[in-house]
$ cat work03.cif   # mmCIF, C-alpha atoms and all ligand atoms
data_start
#
loop_
_atom_site.label_atom_id
_atom_site.label_comp_id
_atom_site.auth_asym_id
_atom_site.auth_seq_id
_atom_site.Cartn_x
_atom_site.Cartn_y
_atom_site.Cartn_z
CA MET A 1 63.69 62.46 83.19
CA SER A 2 67.06 62.39 84.87
CA VAL A 3 70.75 62.45 83.99
CA LYS A 4 73.74 60.85 85.65
CA CYS A 5 75.63 63.21 87.92
CA GLN A 6 78.67 62.66 85.65
CA VAL A 7 76.80 64.43 82.82
CA VAL A 8 76.36 67.51 85.02
CA MET A 9 80.01 67.28 86.12
CA ASP A 10 81.16 67.22 82.49
CA ILE A 11 79.03 70.28 81.67
CA MET A 12 80.31 72.10 84.75
CA ASP A 13 83.86 71.34 83.65
CA LYS A 14 83.14 73.17 80.40
CA VAL A 15 81.40 76.09 82.14
CA ALA A 16 84.14 76.42 84.80
CA PRO A 17 87.11 74.14 84.03
CA ARG A 18 88.65 72.79 87.24
CA ILE A 19 92.11 73.47 85.81
CA LEU A 20 91.43 77.18 86.44
CA ALA A 21 91.00 76.67 90.21
CA GLU A 22 93.73 77.89 92.58
CA SER A 23 95.96 75.13 93.99
CA TRP A 24 94.64 75.68 97.53
CA ASP A 25 91.01 75.38 96.47
CA ASN A 26 88.66 72.38 96.75
CA VAL A 27 86.35 72.19 93.74
CA GLY A 28 84.35 69.57 91.85
CA LEU A 29 82.05 66.89 93.28
CA LEU A 30 82.40 67.11 97.06
CA ILE A 31 79.53 64.84 98.14
CA GLY A 32 77.78 62.09 96.20
CA SER A 33 78.66 59.87 93.27
CA PRO A 34 79.05 60.51 89.53
CA ALA A 35 76.72 57.53 89.02
CA GLN A 36 73.72 58.94 90.89
CA ASN A 37 70.66 60.17 89.05
CA ILE A 38 69.93 63.90 88.99
CA GLU A 39 66.50 65.37 88.24
CA ARG A 40 66.59 68.68 90.06
CA ILE A 41 69.56 71.01 90.63
CA LEU A 42 69.70 73.93 93.04
CA VAL A 43 72.36 76.55 92.24
CA CYS A 44 73.51 78.73 95.13
CA LEU A 45 76.35 80.71 96.66
CA ASP A 46 76.68 78.81 99.95
CA VAL A 47 75.55 75.37 101.08
CA SER A 48 73.91 76.74 104.22
CA GLU A 49 71.53 74.87 106.54
CA ALA A 50 68.68 76.85 104.96
CA VAL A 51 69.73 75.80 101.45
CA ILE A 52 69.99 72.15 102.56
CA GLU A 53 66.54 72.37 104.18
CA ARG A 54 65.10 73.72 100.93
CA ALA A 55 66.86 70.97 98.94
CA VAL A 56 65.34 68.33 101.21
CA GLN A 57 61.83 69.84 101.17
CA GLU A 58 61.78 70.46 97.41
CA ASN A 59 63.49 67.18 96.40
CA TYR A 60 66.67 68.51 94.84
CA ASP A 61 69.27 65.83 94.01
CA LEU A 62 72.24 68.13 93.51
CA ILE A 63 73.38 71.44 94.97
CA ILE A 64 75.89 73.40 92.88
CA ALA A 65 77.53 76.04 95.05
CA HIS A 66 80.19 78.68 94.58
CA HIS A 67 81.74 78.22 98.03
CA PRO A 68 83.02 74.68 98.80
CA LEU A 69 81.12 73.12 101.75
CA ILE A 70 84.21 71.01 102.51
CA PHE A 71 87.28 73.18 102.32
CA LYS A 72 89.85 72.03 104.88
CA PRO A 73 90.57 68.32 105.42
CA ILE A 74 87.96 66.78 107.73
CA LYS A 75 89.20 64.95 110.83
CA ASN A 76 85.79 63.85 112.09
CA LEU A 77 82.15 63.80 111.02
CA ARG A 78 80.43 64.80 114.23
CA THR A 79 76.76 65.36 113.66
CA ASP A 80 76.52 67.56 116.77
CA LEU A 81 78.67 70.18 114.98
CA PRO A 82 77.45 72.31 112.01
CA LEU A 83 79.56 70.83 109.18
CA GLY A 84 79.04 67.20 110.24
CA ARG A 85 75.33 67.86 110.74
CA MET A 86 75.00 69.33 107.24
CA ILE A 87 76.99 66.56 105.56
CA GLY A 88 74.97 63.96 107.49
CA ARG A 89 71.69 65.47 106.33
CA LEU A 90 72.88 65.65 102.69
CA LEU A 91 73.99 61.99 102.75
CA LYS A 92 70.77 60.88 104.43
CA HIS A 93 68.71 62.48 101.66
CA ASP A 94 71.07 61.43 98.87
CA ILE A 95 71.78 65.04 97.85
CA ALA A 96 75.06 65.54 95.99
CA VAL A 97 77.15 68.72 96.30
CA TYR A 98 79.36 70.23 93.61
CA ALA A 99 81.55 73.32 94.06
CA ALA A 100 82.88 75.74 91.44
CA HIS A 101 84.89 78.31 93.37
CA THR A 102 88.05 80.04 92.11
CA ASN A 103 87.57 78.33 88.74
CA LEU A 104 84.20 80.11 88.45
CA ASP A 105 85.84 83.37 89.57
CA THR A 106 88.52 83.10 86.91
CA VAL A 107 86.70 81.67 83.89
CA ARG A 108 85.40 83.97 81.16
CA GLY A 109 81.75 84.67 81.88
CA GLY A 110 82.24 83.73 85.55
CA VAL A 111 81.79 85.67 88.80
CA ASN A 112 84.17 88.51 87.91
CA ASP A 113 82.83 88.96 84.38
CA VAL A 114 79.24 88.98 85.66
CA LEU A 115 80.24 91.77 88.04
CA ALA A 116 82.09 93.66 85.28
CA GLU A 117 79.04 93.39 83.05
CA LEU A 118 76.73 94.69 85.79
CA LEU A 119 79.02 97.70 86.20
CA LEU A 120 78.87 98.26 82.39
CA LEU A 121 82.64 98.01 81.91
CA LYS A 122 84.15 97.74 78.45
CA ASN A 123 87.56 96.45 77.23
CA VAL A 124 87.52 94.07 80.18
CA LYS A 125 90.68 92.03 80.93
CA PRO A 126 91.84 89.82 83.81
CA LEU A 127 93.54 91.79 86.61
CA ASP A 128 95.87 89.10 87.93
CA ILE A 129 96.92 86.44 85.41
CA SER A 130 96.99 82.98 86.98
CA TYR A 131 96.64 80.70 83.98
CA GLU A 132 98.21 80.66 80.54
CA GLU A 133 96.70 78.29 77.99
CA GLU A 134 99.14 75.66 76.65
CA LEU A 135 99.42 75.61 72.86
CA VAL A 136 100.68 72.91 70.48
CA LYS A 137 101.51 72.82 66.79
CA LEU A 138 100.08 70.10 64.60
CA ALA A 139 101.81 69.33 61.28
CA VAL A 140 100.20 66.76 59.00
CA PHE A 141 101.25 65.43 55.60
CA VAL A 142 98.34 65.37 53.14
CA PRO A 143 98.17 64.34 49.45
CA MET A 144 97.56 67.52 47.37
CA GLU A 145 93.97 66.75 46.41
CA TYR A 146 92.93 66.26 50.06
CA LYS A 147 94.38 69.55 51.32
CA ASP A 148 91.06 71.42 51.48
CA VAL A 149 89.07 68.68 53.14
CA VAL A 150 91.70 68.13 55.88
CA GLN A 151 92.19 71.89 56.35
CA THR A 152 88.44 72.41 56.78
CA ALA A 153 88.05 69.46 59.18
CA ILE A 154 90.79 70.60 61.57
CA GLY A 155 89.63 74.21 61.34
CA ASN A 156 86.05 73.20 62.14
CA ALA A 157 87.35 71.21 65.12
CA GLY A 158 88.84 74.44 66.54
CA ALA A 159 92.45 74.41 65.32
CA GLY A 160 94.00 77.57 63.89
CA GLN A 161 92.14 80.08 66.08
CA ILE A 162 94.32 83.21 66.35
CA GLY A 163 92.62 86.29 67.83
CA ASN A 164 89.70 87.23 65.62
CA TYR A 165 90.67 84.69 62.93
CA SER A 166 89.72 81.03 62.63
CA HIS A 167 90.94 78.23 60.30
CA CYS A 168 94.48 79.67 60.24
CA SER A 169 97.09 77.34 58.76
CA PHE A 170 100.25 77.30 56.69
CA SER A 171 101.16 74.82 53.98
CA VAL A 172 104.19 73.96 51.85
CA ILE A 173 104.41 71.58 48.92
CA GLY A 174 106.77 68.63 49.05
CA VAL A 175 107.22 65.00 48.21
CA GLY A 176 106.25 62.18 50.56
CA GLN A 177 107.69 58.70 50.28
CA PHE A 178 106.51 55.32 51.60
CA LEU A 179 106.98 51.62 51.04
CA PRO A 180 103.72 49.71 51.60
CA LEU A 181 104.45 46.47 53.50
CA SER A 182 102.72 43.18 52.67
CA GLU A 183 99.68 43.79 54.96
CA ALA A 184 99.18 47.40 53.85
CA LYS A 185 96.18 48.77 51.94
CA PRO A 186 97.79 51.89 50.45
CA PHE A 187 95.77 54.86 49.21
CA LYS A 188 98.19 54.98 46.29
CA GLY A 189 100.72 52.45 44.95
CA ASN A 190 101.29 48.74 45.55
CA CYS A 191 102.73 46.56 48.30
CA GLY A 192 106.46 46.12 48.12
CA ILE A 193 107.03 49.04 45.73
CA LEU A 194 108.51 52.35 46.96
CA GLU A 195 105.98 55.11 46.24
CA THR A 196 106.31 58.89 46.12
CA VAL A 197 103.36 61.29 46.38
CA ASN A 198 103.03 65.06 45.96
CA GLU A 199 102.00 66.16 49.44
CA ILE A 200 101.27 69.28 51.42
CA ARG A 201 102.75 69.80 54.86
CA LEU A 202 99.83 71.48 56.59
CA GLU A 203 100.56 73.08 59.94
CA THR A 204 98.36 74.86 62.44
CA ILE A 205 98.31 75.97 66.07
CA LEU A 206 95.78 74.86 68.68
CA PRO A 207 95.17 74.69 72.44
CA ALA A 208 96.60 71.42 73.85
CA LYS A 209 93.24 70.68 75.47
CA ILE A 210 91.52 70.17 72.07
CA LEU A 211 94.36 68.14 70.49
CA ASN A 212 92.51 64.80 70.70
CA LYS A 213 89.39 66.27 69.12
CA VAL A 214 91.37 67.88 66.27
CA VAL A 215 93.45 64.76 65.55
CA LYS A 216 90.27 62.67 65.51
CA ALA A 217 88.64 65.07 63.02
CA MET A 218 91.80 65.03 60.88
CA LEU A 219 92.07 61.21 60.84
CA LYS A 220 88.40 60.92 59.88
CA VAL A 221 88.86 62.70 56.55
CA HIS A 222 92.51 61.88 55.78
CA PRO A 223 92.75 59.27 52.98
CA TYR A 224 95.86 57.43 54.25
CA GLU A 225 95.68 54.12 56.09
CA SER A 226 98.49 55.28 58.40
CA VAL A 227 98.66 59.06 58.68
CA GLY A 228 101.97 60.85 59.27
CA TYR A 229 101.64 63.81 61.62
CA ASP A 230 103.71 65.57 64.29
CA VAL A 231 102.67 67.40 67.43
CA TYR A 232 105.08 70.00 68.87
CA SER A 233 105.02 71.72 72.27
CA LEU A 234 105.19 75.50 71.98
CA LYS A 235 106.63 78.20 74.21
CA ASN A 236 104.03 80.79 73.20
CA LYS A 237 100.80 80.76 75.22
CA GLY A 238 97.12 81.07 74.34
CA ASN A 239 94.34 82.71 76.34
CA LEU A 240 95.36 84.32 79.60
CA GLU A 241 92.96 83.85 82.50
CA GLY A 242 93.05 85.24 85.98
CA MET A 243 91.41 86.71 89.05
CA GLY A 244 89.67 90.07 89.04
CA ARG A 245 89.00 92.28 86.05
CA ILE A 246 90.00 95.70 84.83
CA GLY A 247 87.99 97.72 82.33
CA GLU A 248 86.75 101.18 81.42
CA LEU A 249 83.57 103.14 81.91
CA ASN A 250 81.76 104.58 78.91
CA GLU A 251 82.11 108.03 80.39
CA PRO A 252 84.25 109.40 83.20
CA THR A 253 82.32 110.08 86.40
CA THR A 254 82.81 111.09 90.01
CA ILE A 255 83.40 108.52 92.75
CA ASP A 256 80.02 109.46 94.30
CA GLU A 257 78.20 108.84 91.02
CA PHE A 258 80.07 105.61 90.44
CA ALA A 259 79.24 104.39 93.95
CA LYS A 260 75.55 104.93 93.10
CA ILE A 261 75.97 102.89 89.90
CA VAL A 262 77.49 100.01 91.91
CA LYS A 263 74.78 100.21 94.56
CA ASN A 264 71.99 100.07 92.00
CA ALA A 265 73.62 97.39 89.86
CA LEU A 266 74.10 95.06 92.83
CA SER A 267 70.82 96.00 94.55
CA THR A 268 72.63 96.30 97.85
CA ASN A 269 72.26 98.74 100.70
CA GLN A 270 75.73 97.87 102.00
CA LEU A 271 78.29 99.94 100.28
CA ARG A 272 81.37 101.33 101.99
CA VAL A 273 83.30 103.89 100.02
CA VAL A 274 86.91 104.91 100.63
CA LYS A 275 87.67 108.08 98.74
CA SER A 276 91.14 108.95 97.62
CA GLY A 277 90.74 112.64 96.89
CA ASN A 278 88.60 113.89 94.02
CA LYS A 279 90.09 111.63 91.39
CA VAL A 280 87.77 111.15 88.39
CA VAL A 281 86.72 107.54 87.74
CA ARG A 282 87.50 106.21 84.24
CA LYS A 283 89.25 102.91 84.74
CA VAL A 284 87.67 100.37 87.09
CA ALA A 285 89.28 97.29 88.63
CA LEU A 286 87.27 94.73 90.55
CA CYS A 287 87.52 91.40 92.29
CA SER A 288 84.43 89.54 93.47
CA GLY A 289 84.37 88.23 97.05
CA SER A 290 87.50 89.06 99.05
CA GLY A 291 89.92 90.83 96.74
CA ALA A 292 91.67 93.40 98.93
CA GLU A 293 95.01 91.68 98.20
CA PHE A 294 94.77 93.13 94.67
CA ILE A 295 94.47 96.82 95.70
CA GLY A 296 98.15 97.43 94.84
CA LYS A 297 97.83 95.60 91.54
CA ALA A 298 94.73 97.62 90.62
CA ALA A 299 96.49 100.91 91.43
CA TYR A 300 99.57 99.85 89.47
CA ALA A 301 97.40 98.91 86.48
CA GLY A 302 96.07 102.48 86.46
CA ALA A 303 92.59 101.86 87.88
CA ASP A 304 90.89 104.87 89.49
CA VAL A 305 88.68 102.70 91.69
CA PHE A 306 88.76 99.13 92.96
CA VAL A 307 85.51 97.30 93.74
CA THR A 308 85.58 94.25 96.01
CA GLY A 309 84.27 92.94 99.35
CA ASP A 310 85.60 92.12 102.85
CA VAL A 311 87.85 95.18 103.11
CA LYS A 312 89.64 95.78 106.43
CA TYR A 313 90.68 99.12 107.95
CA HIS A 314 94.37 98.96 107.01
CA GLU A 315 93.53 97.85 103.49
CA ALA A 316 91.37 100.96 103.12
CA GLN A 317 94.33 102.98 104.39
CA LYS A 318 96.57 101.34 101.78
CA ALA A 319 94.15 102.30 98.99
CA VAL A 320 94.20 105.95 100.03
CA GLU A 321 97.99 105.88 100.18
CA GLN A 322 98.16 104.38 96.70
CA GLY A 323 95.79 106.99 95.28
CA ILE A 324 92.94 104.69 94.34
CA HIS A 325 89.29 104.90 95.43
CA LEU A 326 87.92 101.75 97.03
CA ILE A 327 84.37 100.41 97.13
CA ASP A 328 83.48 97.55 99.45
CA ALA A 329 80.21 96.21 98.06
CA GLY A 330 80.33 93.10 100.24
CA HIS A 331 81.38 89.52 99.63
CA PHE A 332 77.76 88.45 99.12
CA GLY A 333 76.86 91.51 97.05
CA THR A 334 79.68 91.02 94.55
CA GLU A 335 79.19 87.27 94.17
CA MET A 336 75.47 86.54 94.41
CA PRO A 337 74.71 87.79 90.83
CA VAL A 338 76.60 84.81 89.36
CA VAL A 339 74.04 82.35 90.76
CA GLN A 340 71.32 83.32 88.26
CA VAL A 341 73.81 83.45 85.40
CA LEU A 342 75.29 80.03 86.23
CA ALA A 343 71.82 78.45 86.45
CA GLU A 344 70.92 79.97 83.09
CA ARG A 345 74.15 78.72 81.48
CA LEU A 346 73.61 75.20 82.84
CA ARG A 347 70.05 75.22 81.54
CA SER A 348 71.17 76.18 78.05
CA CYS A 349 73.93 73.49 78.05
CA MET A 350 71.39 70.86 79.11
CA GLU A 351 68.94 71.99 76.44
CA LYS A 352 71.65 71.83 73.74
CA GLN A 353 72.26 68.21 74.74
CA GLY A 354 68.51 67.52 74.75
CA ARG A 355 68.53 66.74 78.50
CA GLN A 356 65.60 67.48 80.74
CA VAL A 357 66.77 68.55 84.15
CA GLU A 358 65.19 71.19 86.34
CA ILE A 359 67.69 73.88 87.35
CA ILE A 360 66.69 76.51 89.87
CA ALA A 361 68.75 79.47 91.10
CA ASP A 362 68.60 80.14 94.84
CA ASP A 363 66.86 83.47 95.37
CA THR A 364 66.15 83.19 99.08
CA SER A 365 69.65 83.41 100.59
CA ARG A 366 70.57 86.79 102.02
CA ASP A 367 73.77 88.47 103.17
CA PHE A 368 74.74 87.56 106.75
CA PHE A 369 75.33 91.25 107.36
CA THR A 370 72.50 93.69 107.87
CA VAL A 371 72.99 97.41 108.32
CA ILE A 372 71.36 99.11 111.28
ZN ZN B 401 83.41 84.08 97.76
#

$ encode --input "work03.cif" --output "structure tokens" --more "lines below"
Ligand SMILES: [Zn+2]
Amino acid sequence: MSVKCQVVMDIMDKVAPRILAESWDNVGLLIGSPAQNIERILVCLDVSEAVIERAVQENYDLIIAHHPLIFKPIKNLRTDLPLGRMIGRLLKHDIAVYAAHTNLDTVRGGVNDVLAELLLLKNVKPLDISYEEELVKLAVFVPMEYKDVVQTAIGNAGAGQIGNYSHCSFSVIGVGQFLPLSEAKPFKGNCGILETVNEIRLETILPAKILNKVVKAMLKVHPYESVGYDVYSLKNKGNLEGMGRIGELNEPTTIDEFAKIVKNALSTNQLRVVKSGNKVVRKVALCSGSGAEFIGKAAYAGADVFVTGDVKYHEAQKAVEQGIHLIDAGHFGTEMPVVQVLAERLRSCMEKQGRQVEIIADDTSRDFFTVI
């Protein structure tokens, strides 16, 4: 059993929408074709030579990686150099490559949330908002007796979701008027005669991205031959997404104790701790991978400690100056946990669609750094 690569791409776009990627990033299908058949998928952090070798030996058709193999524009494809050699080998063995990078960092349930969950944080929110969901208002005119059926259909399609409430809508009673032309097949009245109907103006709010789905569901149950409805752009925004996370610990602890929690949760022996006095740790900010640029933001947001990777000397100095503890748990250490979770999520999406594709999480890659 196999699926077209496009099927996997569509699922990946639900798991980590490309719209969430930073503008400088390079995500999506990087090598291969949406039309190629996929039977086996290897999920990993980096498309390294070792990962490619495994994909060749174990007949994988697609590698889904967090870090994009092709990042900067390519000016040559020299097979005597590492990147050209890797791309050449992938093409030779018909292995496609897909990347989900900053979109997987940002998305709910992605790299940062996996890290926040491992550190047992609660009340978790994005640290640096980079995306605000666009909302629209849909207003549709419905004959009285069809109010409930239309209301239910658009609610079931996802419209009217406000916080912890679904199927939210507002309706007012009014009178609709229409003149059926000669070709018309009116729900009520006759051709050539002006008709009035008691109608409801039903309005609801929804994310712009599901507008087509909601309108389709509405048209399916609406009794009119030609349905009158309006779609308005709104200034208010929906879900906020962004890089990093900030949350709270169940109980306050010391920086030494918290460092142990991080070390155990990430199963790493590479933890560098920058202490800023004896400050108790309650609020925790984090950013998977290289997040030192958010130290100031984390301190400003009231975090007692910031967990990330790739910290340099002067960034550590900045943390101390800003009165926030800093834990460098490594780029690899803070990101590798997502690989298992992503593979699991893909598997469950495939199963829901009744597709049979083998999805394996890379468990052999190791951090480039070792500690002596
Ligand atoms: Zn990374």

$ closest_atom_pairs --input "work03.cif" --of "segment 234-261 of chain A" --to "segment 195-207 of chain A" --cutoff "9 Å" --atoms "all atoms listed in the file" --output "tab-separated table"
residue	atom	partner	partner_atom	distance
A:Lys237	CA	A:Pro207	CA	8.7
A:Gly238	CA	A:Pro207	CA	6.9
A:Asn239	CA	A:Pro207	CA	9.0

$ closest_residue --input "work03.cif" --among "A:Val142, A:Leu234, A:Val114, A:Leu342" --to "Ser288 of chain A" --atoms "only C-alpha atoms"
A:Val114

$ closest_atom_pairs --input "work03.cif" --of "segment 84-183 of chain A" --to "segment 41-46 of chain A" --cutoff "12 Å" --atoms "only C-alpha atoms" --output "tab-separated table"
residue	atom	partner	partner_atom	distance
A:Ile95	CA	A:Ile41	CA	9.6
A:Ala96	CA	A:Ile41	CA	9.4
A:Val97	CA	A:Leu42	CA	9.7
A:Tyr98	CA	A:Val43	CA	9.5
A:Ala99	CA	A:Leu45	CA	9.4
A:Ala100	CA	A:Leu45	CA	9.7
A:His101	CA	A:Leu45	CA	9.5
A:Leu104	CA	A:Leu45	CA	11.4
A:Val111	CA	A:Leu45	CA	10.8

$ closest_atom_pairs --input "work03.cif" --of "chain A" --to "ligand ZN 401 (chain B)" --cutoff "12 Å" --atoms "all atoms listed in the file" --output "Markdown table"
| residue | atom | partner | partner_atom | distance |
| --- | --- | --- | --- | --- |
| A:Asp25 | CA | B:ZN401 | ZN | 11.6 |
| A:Cys44 | CA | B:ZN401 | ZN | 11.6 |
| A:Leu45 | CA | B:ZN401 | ZN | 7.9 |
| A:Asp46 | CA | B:ZN401 | ZN | 8.8 |
| A:Ala65 | CA | B:ZN401 | ZN | 10.3 |
| A:His66 | CA | B:ZN401 | ZN | 7.0 |
| A:His67 | CA | B:ZN401 | ZN | 6.1 |
| A:Pro68 | CA | B:ZN401 | ZN | 9.5 |
| A:Leu69 | CA | B:ZN401 | ZN | 11.9 |
| A:Ala99 | CA | B:ZN401 | ZN | 11.5 |
| A:Ala100 | CA | B:ZN401 | ZN | 10.5 |
| A:His101 | CA | B:ZN401 | ZN | 7.4 |
| A:Thr102 | CA | B:ZN401 | ZN | 8.4 |
| A:Asn103 | CA | B:ZN401 | ZN | 11.5 |
| A:Leu104 | CA | B:ZN401 | ZN | 10.2 |
| A:Asp105 | CA | B:ZN401 | ZN | 8.6 |
| A:Val111 | CA | B:ZN401 | ZN | 9.2 |
| A:Asn112 | CA | B:ZN401 | ZN | 10.8 |
| A:Cys287 | CA | B:ZN401 | ZN | 10.0 |
| A:Ser288 | CA | B:ZN401 | ZN | 7.0 |
| A:Gly289 | CA | B:ZN401 | ZN | 4.3 |
| A:Ser290 | CA | B:ZN401 | ZN | 6.6 |
| A:Gly291 | CA | B:ZN401 | ZN | 9.4 |
| A:Thr308 | CA | B:ZN401 | ZN | 10.5 |
| A:Gly309 | CA | B:ZN401 | ZN | 9.0 |
| A:Asp310 | CA | B:ZN401 | ZN | 9.8 |
| A:Gly330 | CA | B:ZN401 | ZN | 9.8 |
| A:His331 | CA | B:ZN401 | ZN | 6.1 |
| A:Phe332 | CA | B:ZN401 | ZN | 7.3 |
| A:Gly333 | CA | B:ZN401 | ZN | 9.9 |
| A:Thr334 | CA | B:ZN401 | ZN | 8.5 |
| A:Glu335 | CA | B:ZN401 | ZN | 6.4 |
| A:Met336 | CA | B:ZN401 | ZN | 9.0 |
| A:Pro337 | CA | B:ZN401 | ZN | 11.7 |
| A:Val338 | CA | B:ZN401 | ZN | 10.8 |
| A:Val339 | CA | B:ZN401 | ZN | 11.8 |
| A:Asp367 | CA | B:ZN401 | ZN | 11.9 |

$ atom_distance --input "work03.cif" --atom1 "atom CA of Gly242 of chain A" --atom2 "atom CA of Gly296 of chain A"
15.9 Å

$ closest_residue --input "work03.cif" --among "A:Ile360, A:Leu20, A:Ala303, A:Ile295" --to "Val281 of chain A" --atoms "only C-alpha atoms"
A:Ala303

$ atom_distance --input "work03.cif" --atom1 "atom CA of Leu127 of chain A" --atom2 "atom CA of Gly160 of chain A"
26.8 Å

$ residues_around --input "work03.cif" --residues "Arg78 of chain A" --least-positions-apart "4" --cutoff "12 Å" --atoms "only C-alpha atoms" --output "VMD selection string"
chain A and resid 74 82 to 89

$ closest_residue --input "work03.cif" --among "A:Ala208, A:Met9, A:Val307, A:Glu351" --to "Glu133 of chain A" --atoms "only C-alpha atoms"
A:Ala208

$ atom_distance --input "work03.cif" --atom1 "atom CA of Leu240 of chain A" --atom2 "atom CA of Glu132 of chain A"
4.7 Å

$ build_atoms --input "work03.cif" --residues "segment 317-323 of chain A" --atoms "all heavy atoms" --output "tab-separated table (two decimals), in the coordinates of the input"
chain	number	residue	atom	x	y	z
A	317	GLN	N	93.24	102.02	104.23
A	317	GLN	CA	94.33	102.98	104.39
A	317	GLN	C	95.32	102.85	103.24
A	317	GLN	O	95.76	103.85	102.66
A	317	GLN	CB	95.03	102.67	105.72
A	317	GLN	CG	96.11	103.65	106.08
A	317	GLN	CD	96.77	103.26	107.42
A	317	GLN	OE1	96.75	102.11	107.83
A	317	GLN	NE2	97.33	104.24	108.08
A	318	LYS	N	95.62	101.61	102.87
A	318	LYS	CA	96.57	101.34	101.78
A	318	LYS	C	96.05	101.93	100.45
A	318	LYS	O	96.81	102.52	99.68
A	318	LYS	CB	96.74	99.83	101.66
A	318	LYS	CG	97.80	99.42	100.67
A	318	LYS	CD	97.92	97.90	100.62
A	318	LYS	CE	98.69	97.48	99.38
A	318	LYS	NZ	98.61	96.05	99.14
A	319	ALA	N	94.74	101.78	100.23
A	319	ALA	CA	94.15	102.30	98.99
A	319	ALA	C	94.34	103.81	98.90
A	319	ALA	O	94.76	104.34	97.87
A	319	ALA	CB	92.67	101.94	98.92
A	320	VAL	N	94.05	104.49	100.01
A	320	VAL	CA	94.20	105.95	100.03
A	320	VAL	C	95.65	106.33	99.74
A	320	VAL	O	95.93	107.22	98.93
A	320	VAL	CB	93.73	106.52	101.40
A	320	VAL	CG1	94.03	108.03	101.48
A	320	VAL	CG2	92.25	106.26	101.61
A	321	GLU	N	96.56	105.60	100.39
A	321	GLU	CA	97.99	105.88	100.18
A	321	GLU	C	98.41	105.67	98.72
A	321	GLU	O	99.27	106.35	98.21
A	321	GLU	CB	98.84	104.97	101.09
A	321	GLU	CG	98.83	105.41	102.54
A	321	GLU	CD	99.38	104.34	103.47
A	321	GLU	OE1	99.81	103.27	102.99
A	321	GLU	OE2	99.36	104.58	104.68
A	322	GLN	N	97.78	104.69	98.09
A	322	GLN	CA	98.16	104.38	96.70
A	322	GLN	C	97.38	105.20	95.68
A	322	GLN	O	97.54	105.00	94.47
A	322	GLN	CB	97.96	102.89	96.44
A	322	GLN	CG	98.76	102.04	97.41
A	322	GLN	CD	99.30	100.77	96.78
A	322	GLN	OE1	99.08	100.50	95.63
A	322	GLN	NE2	100.02	100.00	97.57
A	323	GLY	N	96.51	106.07	96.18
A	323	GLY	CA	95.79	106.99	95.28
A	323	GLY	C	94.69	106.34	94.47
A	323	GLY	O	94.45	106.73	93.33
